[in-house]
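Below: the structure, in structure tokens.
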Amino acid sequence: MTLTLSRRALLAGAIVTPLAPAFGQESVLTVRPGAGLKPVRIAVTNFAGDPEPAKLFTTVVANNFRRSIFLQPVDPKSFPEQIANPDTPPQMEAWKTVNAQFVLTGRVQRAADGRQRAEFRLWDVSNGQQAAGQQYVTDANVSRRVAHIMSDQIFSRVTGEKGFFDTRVVFVDETGAKESRRKRLAMMDQDGANVTYLTRGDELVVTPRFSPSSQDVTYMAFGAAEPKVMLMNVDNRQREAVGNFPGMTFAPRFSPDGQKIVMSLSQGASSALYTMDLRTRATTRLTDSSGIDTAPCYAPDGDRIVFESDRGGTQQIYIMSAHGGQAKRISFGDGRYSTPVWSPKGDYIAFTRQSKNGFAIGVMKPDGSGERILTEGYHNEGPTWAPNGLFLMFFRDPGGSAGAKVHMTDIYGRADFVVPTPSYASDPAWSPLLN
């Protein structure tokens with residue numbers, strides 16, 4: 001069976017072929033909060049074929065798994081055998097001695113028509129059978145992208161969850177002295193590779209947010225004129241202002257279908273939430289309090305909105321209908337709560353909490369229960385969800401003359417590590433899956 005991928009233009013015309021046989025389709029890891037999670041051990045053997053692209057695939061896939069928390073690559077130094085033929089089943093009993101649960105083999109080589117053929121086989125050590133396999137025939141210049149797609153397939157097969165490797169992150173690149181930072185809108189792959197710059201740095205940009213349904217972003221631009229809410233397609237770089245508003249606008253974010261944005265509009269000492277229909281440019285006011293309502297975010301079903309407000313005297317998190325009306329407070333811990341973001345699964349809301357212990361990134365259920373702090377630091381802020389709802393990125397500023405860097409953690413708070421960027425970076429926003 002041969003399929004044509006309906007992916008972005010870079011993979012147009014790619015051929016994907018399952019490598020039969022494949023057995024044992026049940027996932028071996030159940031991902032659920034509170035469970036005693038034990039990562040699945042997977043051996044990523046060296047891909048065969050053309051040396052340079054084979055090494056790239058091996059490295060990218062292994063690094064993806066290493067950062068995934070749920071999969072643990074076996075140390076190559078402990079491999080009991082070297083795989084010469086990726087089509088031949090590994091020696092399962094030998095791999096059991098290093099506690100490998102899966103063995104990944106693969107090959108990358110030039111096809112007869114000049115395109116690149118990349119393939120993998122995932123072997124289940126417990127039953128000695130091939131658990132999954134796929135072949136991709138694509139242009140050679142999309143090797144990293146294919147390696148991410150391959151990683152997603154394997155991650156999904158093992159965990160039963162959607163992958164997150166074939167995604168991008170928009171962020172604010174910061175260079176220069178701390179008191180006069182040049183801030184440009186930039187974009188990278190989720191692992192920090194392929195950084196490109198989307199703006200020139202001649203205007204201040206903040207709070208970029210991806211559409212959940214497209215490769216469009218909305219952000220705030222502060223130039224010589226009034227601050228503007230901007231829309232940009234990150235593939236063709238076309239951008240436009242969505243309108244001029246009387247007063248300061250803040251924190252624009254897309255609705256789940258990408259047809260609206262919700263934002264905060266200041267009016268004197270207070271601010272209210274508004275939505276704008278991107279097709280008609282009609283605006284609707286949602287809140288009417290004497291406080292500052294800001295940082296709105298839709299639930300994934302579009303029925304509710306979470307936001308932060310000081311209407312009760314301190315900065316807290318509230319939920320209301322997407323059409324406005326009465327709001328219910330859901331945060332009751334010590335300190336001030338801000339930047340709430342609904343998980344793509346709908347099961348959690350991520351937030352920033354400021355208390356005497358510093359700034360923490362945490363999650364809670366939409367009713368306010370089950371609050372958990374995932375990571376703490378001098379100044380953590382701005383969580384953004386991976387499209388599978390299992391990981392978060394945020395930025396951390398250590399203070400002093402240094403600047404912010406993007407970090408990544410998981411919903412269990414088991415890991416916290418820096419996502420590499422060329423310079424200082426803040427305000428990350430995770431894209432939906434590119435496929």
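Residues in the structure tokens are named by chain (A, B, ... in the order shown) and by number from 1 within that chain; ligands are numbered from 1 in the order shown.
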What's the 12 Å shell around stretch 47-64 of chain A, counting only C-alpha atoms, without same-chain residues fewer than 4 positions away, as a PyMOL selection string? chain A and resi 41-43+68-76+82-87+103-111+116-121+140-155+163-167+189-193
Give me the residues near A:Arg336 as a ChimeraX atom specification, where near means some atom within 10 Å (using only C-alpha atoms) and where sequence neighbours in that chain fewer than 6 positions away do not count. /A:308,310,314-317,352-355,359
Generate the output file for the selected residues, C-alpha atoms, as a PDB file, in the first residue's frame.
ATOM      1  CA  GLU A 308      -6.417  36.420  34.538  1.00  0.00           C
ATOM      2  CA  ASP A 310      -7.399  41.412  39.553  1.00  0.00           C
ATOM      3  CA  THR A 314      -5.289  40.101  43.560  1.00  0.00           C
ATOM      4  CA  GLN A 315      -4.195  38.620  40.260  1.00  0.00           C
ATOM      5  CA  GLN A 316      -6.076  35.317  39.865  1.00  0.00           C
ATOM      6  CA  ILE A 317      -7.413  32.952  37.193  1.00  0.00           C
ATOM      7  CA  THR A 352       2.514  31.169  36.048  1.00  0.00           C
ATOM      8  CA  ARG A 353       2.370  31.625  39.834  1.00  0.00           C
ATOM      9  CA  GLN A 354       4.339  34.297  41.633  1.00  0.00           C
ATOM     10  CA  SER A 355       4.870  33.854  45.377  1.00  0.00           C
ATOM     11  CA  PHE A 359       8.009  32.265  39.826  1.00  0.00           C
TER      12      PHE A 359
END
Work out how far apart atom CA of A:Arg157 and atom CA of A:Ala132 are and give it in Å to one decimal.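 Result for atom CA of A:Arg157 versus atom CA of A:Ala132: 7.5 Å, one decimal.
Between atom CA of A:Val418 and atom CA of A:Leu204 lies a distance of 24.1 Å.
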Quick one: everything within 10 Å of A:Asp288, counting only C-alpha atoms, minus sequence neighbours fewer than 6 positions away in the same chain. Send it as a PyMOL selection string. chain A and resi 270-273+324-326
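The neighbours of A:Gly258 here are the residues that come within 7 Å of it, using only C-alpha atoms and leaving out any residue fewer than 2 positions away in the same chain; they are Ser211, Pro212, Ser213, Phe254, Ser255, Pro256 and Lys260 of chain A.
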Excluding stretch 171-187 of chain A and residues on its chain fewer than 2 positions from it, collect all residues at most 9 Å away from it, counting only C-alpha atoms, and give them as a ChimeraX atom specification. /A:168-169,189,192,194-209,234,400-404,406,421-430
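Atom to atom, atom CA of A:Arg414 and atom CA of A:Ser431 stand 22.8 Å apart.
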Just list as a ChimeraX atom specification whatever in stretch 124-302 of chain A DSSP marks as strand (DSSP E or B). /A:124,129-138,168-175,182-189,196-197,204-210,216-222,228-233,239-241,249-254,260-267,270-277,283-285,292-298
Include C-alpha atoms and write out the residues we just selected as a PDB file, in the first residue's frame.
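That gives us part.pdb:
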ATOM      1  CA  ASP A 124       9.413  -5.502  19.901  1.00  0.00           C
ATOM      2  CA  GLN A 129       8.283  -9.303  16.045  1.00  0.00           C
ATOM      3  CA  GLN A 130       8.312  -6.131  14.008  1.00  0.00           C
ATOM      4  CA  ALA A 131       5.935  -3.686  15.722  1.00  0.00           C
ATOM      5  CA  ALA A 132       5.998  -0.957  13.070  1.00  0.00           C
ATOM      6  CA  GLY A 133       7.795   0.026   9.895  1.00  0.00           C
ATOM      7  CA  GLN A 134       7.611   2.759   7.295  1.00  0.00           C
ATOM      8  CA  GLN A 135       9.419   3.974   4.202  1.00  0.00           C
ATOM      9  CA  TYR A 136       9.544   7.590   2.966  1.00  0.00           C
ATOM     10  CA  VAL A 137      10.683   8.713  -0.481  1.00  0.00           C
ATOM     11  CA  THR A 138      11.243  12.486  -0.423  1.00  0.00           C
ATOM     12  CA  ARG A 168       7.721  24.527  15.247  1.00  0.00           C
ATOM     13  CA  VAL A 169       7.999  27.210  17.911  1.00  0.00           C
ATOM     14  CA  VAL A 170       7.717  30.947  17.385  1.00  0.00           C
ATOM     15  CA  PHE A 171       9.558  33.050  19.970  1.00  0.00           C
ATOM     16  CA  VAL A 172      11.005  36.495  20.612  1.00  0.00           C
ATOM     17  CA  ASP A 173      14.747  36.583  19.875  1.00  0.00           C
ATOM     18  CA  GLU A 174      16.551  39.063  22.137  1.00  0.00           C
ATOM     19  CA  THR A 175      20.010  40.514  21.440  1.00  0.00           C
ATOM     20  CA  ARG A 182      16.595  44.248  20.089  1.00  0.00           C
ATOM     21  CA  LYS A 183      13.569  41.950  19.894  1.00  0.00           C
ATOM     22  CA  ARG A 184      12.765  40.075  16.707  1.00  0.00           C
ATOM     23  CA  LEU A 185      10.101  37.486  15.988  1.00  0.00           C
ATOM     24  CA  ALA A 186      11.846  34.194  15.223  1.00  0.00           C
ATOM     25  CA  MET A 187      10.888  30.587  14.541  1.00  0.00           C
ATOM     26  CA  MET A 188      12.624  27.250  15.117  1.00  0.00           C
ATOM     27  CA  ASP A 189      11.928  23.542  15.088  1.00  0.00           C
ATOM     28  CA  THR A 196      14.638  31.776  10.950  1.00  0.00           C
ATOM     29  CA  TYR A 197      13.771  35.424  11.655  1.00  0.00           C
ATOM     30  CA  LEU A 204       9.245  45.749  19.441  1.00  0.00           C
ATOM     31  CA  VAL A 205       7.338  42.460  19.209  1.00  0.00           C
ATOM     32  CA  VAL A 206       5.799  40.513  22.111  1.00  0.00           C
ATOM     33  CA  THR A 207       3.389  37.655  22.885  1.00  0.00           C
ATOM     34  CA  PRO A 208       3.346  35.678  19.624  1.00  0.00           C
ATOM     35  CA  ARG A 209       0.635  32.996  19.541  1.00  0.00           C
ATOM     36  CA  PHE A 210       0.100  30.222  16.989  1.00  0.00           C
ATOM     37  CA  ASP A 216      -0.587  31.690  11.266  1.00  0.00           C
ATOM     38  CA  VAL A 217       0.574  33.656  14.307  1.00  0.00           C
ATOM     39  CA  THR A 218      -0.816  36.707  16.043  1.00  0.00           C
ATOM     40  CA  TYR A 219       1.403  39.048  18.050  1.00  0.00           C
ATOM     41  CA  MET A 220       1.732  42.592  19.365  1.00  0.00           C
ATOM     42  CA  ALA A 221       3.919  45.074  17.477  1.00  0.00           C
ATOM     43  CA  PHE A 222       5.070  48.338  19.081  1.00  0.00           C
ATOM     44  CA  LYS A 228      -1.029  46.943  16.779  1.00  0.00           C
ATOM     45  CA  VAL A 229      -2.354  43.415  16.828  1.00  0.00           C
ATOM     46  CA  MET A 230      -0.697  41.685  13.891  1.00  0.00           C
ATOM     47  CA  LEU A 231      -1.374  38.508  11.929  1.00  0.00           C
ATOM     48  CA  MET A 232       1.375  36.706  10.019  1.00  0.00           C
ATOM     49  CA  ASN A 233       1.562  33.524   7.994  1.00  0.00           C
ATOM     50  CA  ARG A 239       1.324  40.009   7.584  1.00  0.00           C
ATOM     51  CA  GLU A 240      -1.392  42.523   8.321  1.00  0.00           C
ATOM     52  CA  ALA A 241      -2.747  44.585  11.196  1.00  0.00           C
ATOM     53  CA  THR A 249      -4.376  46.095  23.242  1.00  0.00           C
ATOM     54  CA  PHE A 250      -2.697  43.091  24.848  1.00  0.00           C
ATOM     55  CA  ALA A 251      -2.309  39.338  24.608  1.00  0.00           C
ATOM     56  CA  PRO A 252      -4.155  38.383  21.390  1.00  0.00           C
ATOM     57  CA  ARG A 253      -4.862  34.672  20.970  1.00  0.00           C
ATOM     58  CA  PHE A 254      -6.729  32.589  18.369  1.00  0.00           C
ATOM     59  CA  LYS A 260     -11.464  34.694  15.826  1.00  0.00           C
ATOM     60  CA  ILE A 261      -8.974  36.271  18.158  1.00  0.00           C
ATOM     61  CA  VAL A 262      -9.605  37.156  21.778  1.00  0.00           C
ATOM     62  CA  MET A 263      -7.629  39.978  23.392  1.00  0.00           C
ATOM     63  CA  SER A 264      -7.517  42.542  26.166  1.00  0.00           C
ATOM     64  CA  LEU A 265      -8.248  46.200  25.487  1.00  0.00           C
ATOM     65  CA  SER A 266      -7.324  48.835  28.084  1.00  0.00           C
ATOM     66  CA  GLN A 267      -9.755  51.616  28.921  1.00  0.00           C
ATOM     67  CA  SER A 270      -9.188  48.948  33.672  1.00  0.00           C
ATOM     68  CA  SER A 271      -9.115  46.561  30.752  1.00  0.00           C
ATOM     69  CA  ALA A 272     -11.752  44.278  29.249  1.00  0.00           C
ATOM     70  CA  LEU A 273     -11.748  41.229  27.008  1.00  0.00           C
ATOM     71  CA  TYR A 274     -12.918  41.442  23.420  1.00  0.00           C
ATOM     72  CA  THR A 275     -13.210  39.025  20.523  1.00  0.00           C
ATOM     73  CA  MET A 276     -12.755  39.903  16.873  1.00  0.00           C
ATOM     74  CA  ASP A 277     -14.150  37.903  13.973  1.00  0.00           C
ATOM     75  CA  THR A 283     -15.653  43.040  17.741  1.00  0.00           C
ATOM     76  CA  THR A 284     -17.635  41.841  20.760  1.00  0.00           C
ATOM     77  CA  ARG A 285     -16.991  42.859  24.349  1.00  0.00           C
ATOM     78  CA  ILE A 292      -7.776  44.423  34.673  1.00  0.00           C
ATOM     79  CA  ASP A 293      -8.894  41.403  32.647  1.00  0.00           C
ATOM     80  CA  THR A 294      -6.183  40.052  30.356  1.00  0.00           C
ATOM     81  CA  ALA A 295      -4.350  36.966  28.995  1.00  0.00           C
ATOM     82  CA  PRO A 296      -7.475  35.197  27.637  1.00  0.00           C
ATOM     83  CA  CYS A 297      -7.301  31.682  26.172  1.00  0.00           C
ATOM     84  CA  TYR A 298     -10.034  29.510  24.675  1.00  0.00           C
TER      85      TYR A 298
END
Restricting the calculation to only C-alpha atoms, which member of A:Gly382, A:Arg237, A:Thr375, A:Lys328 is positioned closest to A:Pro340? A:Gly382
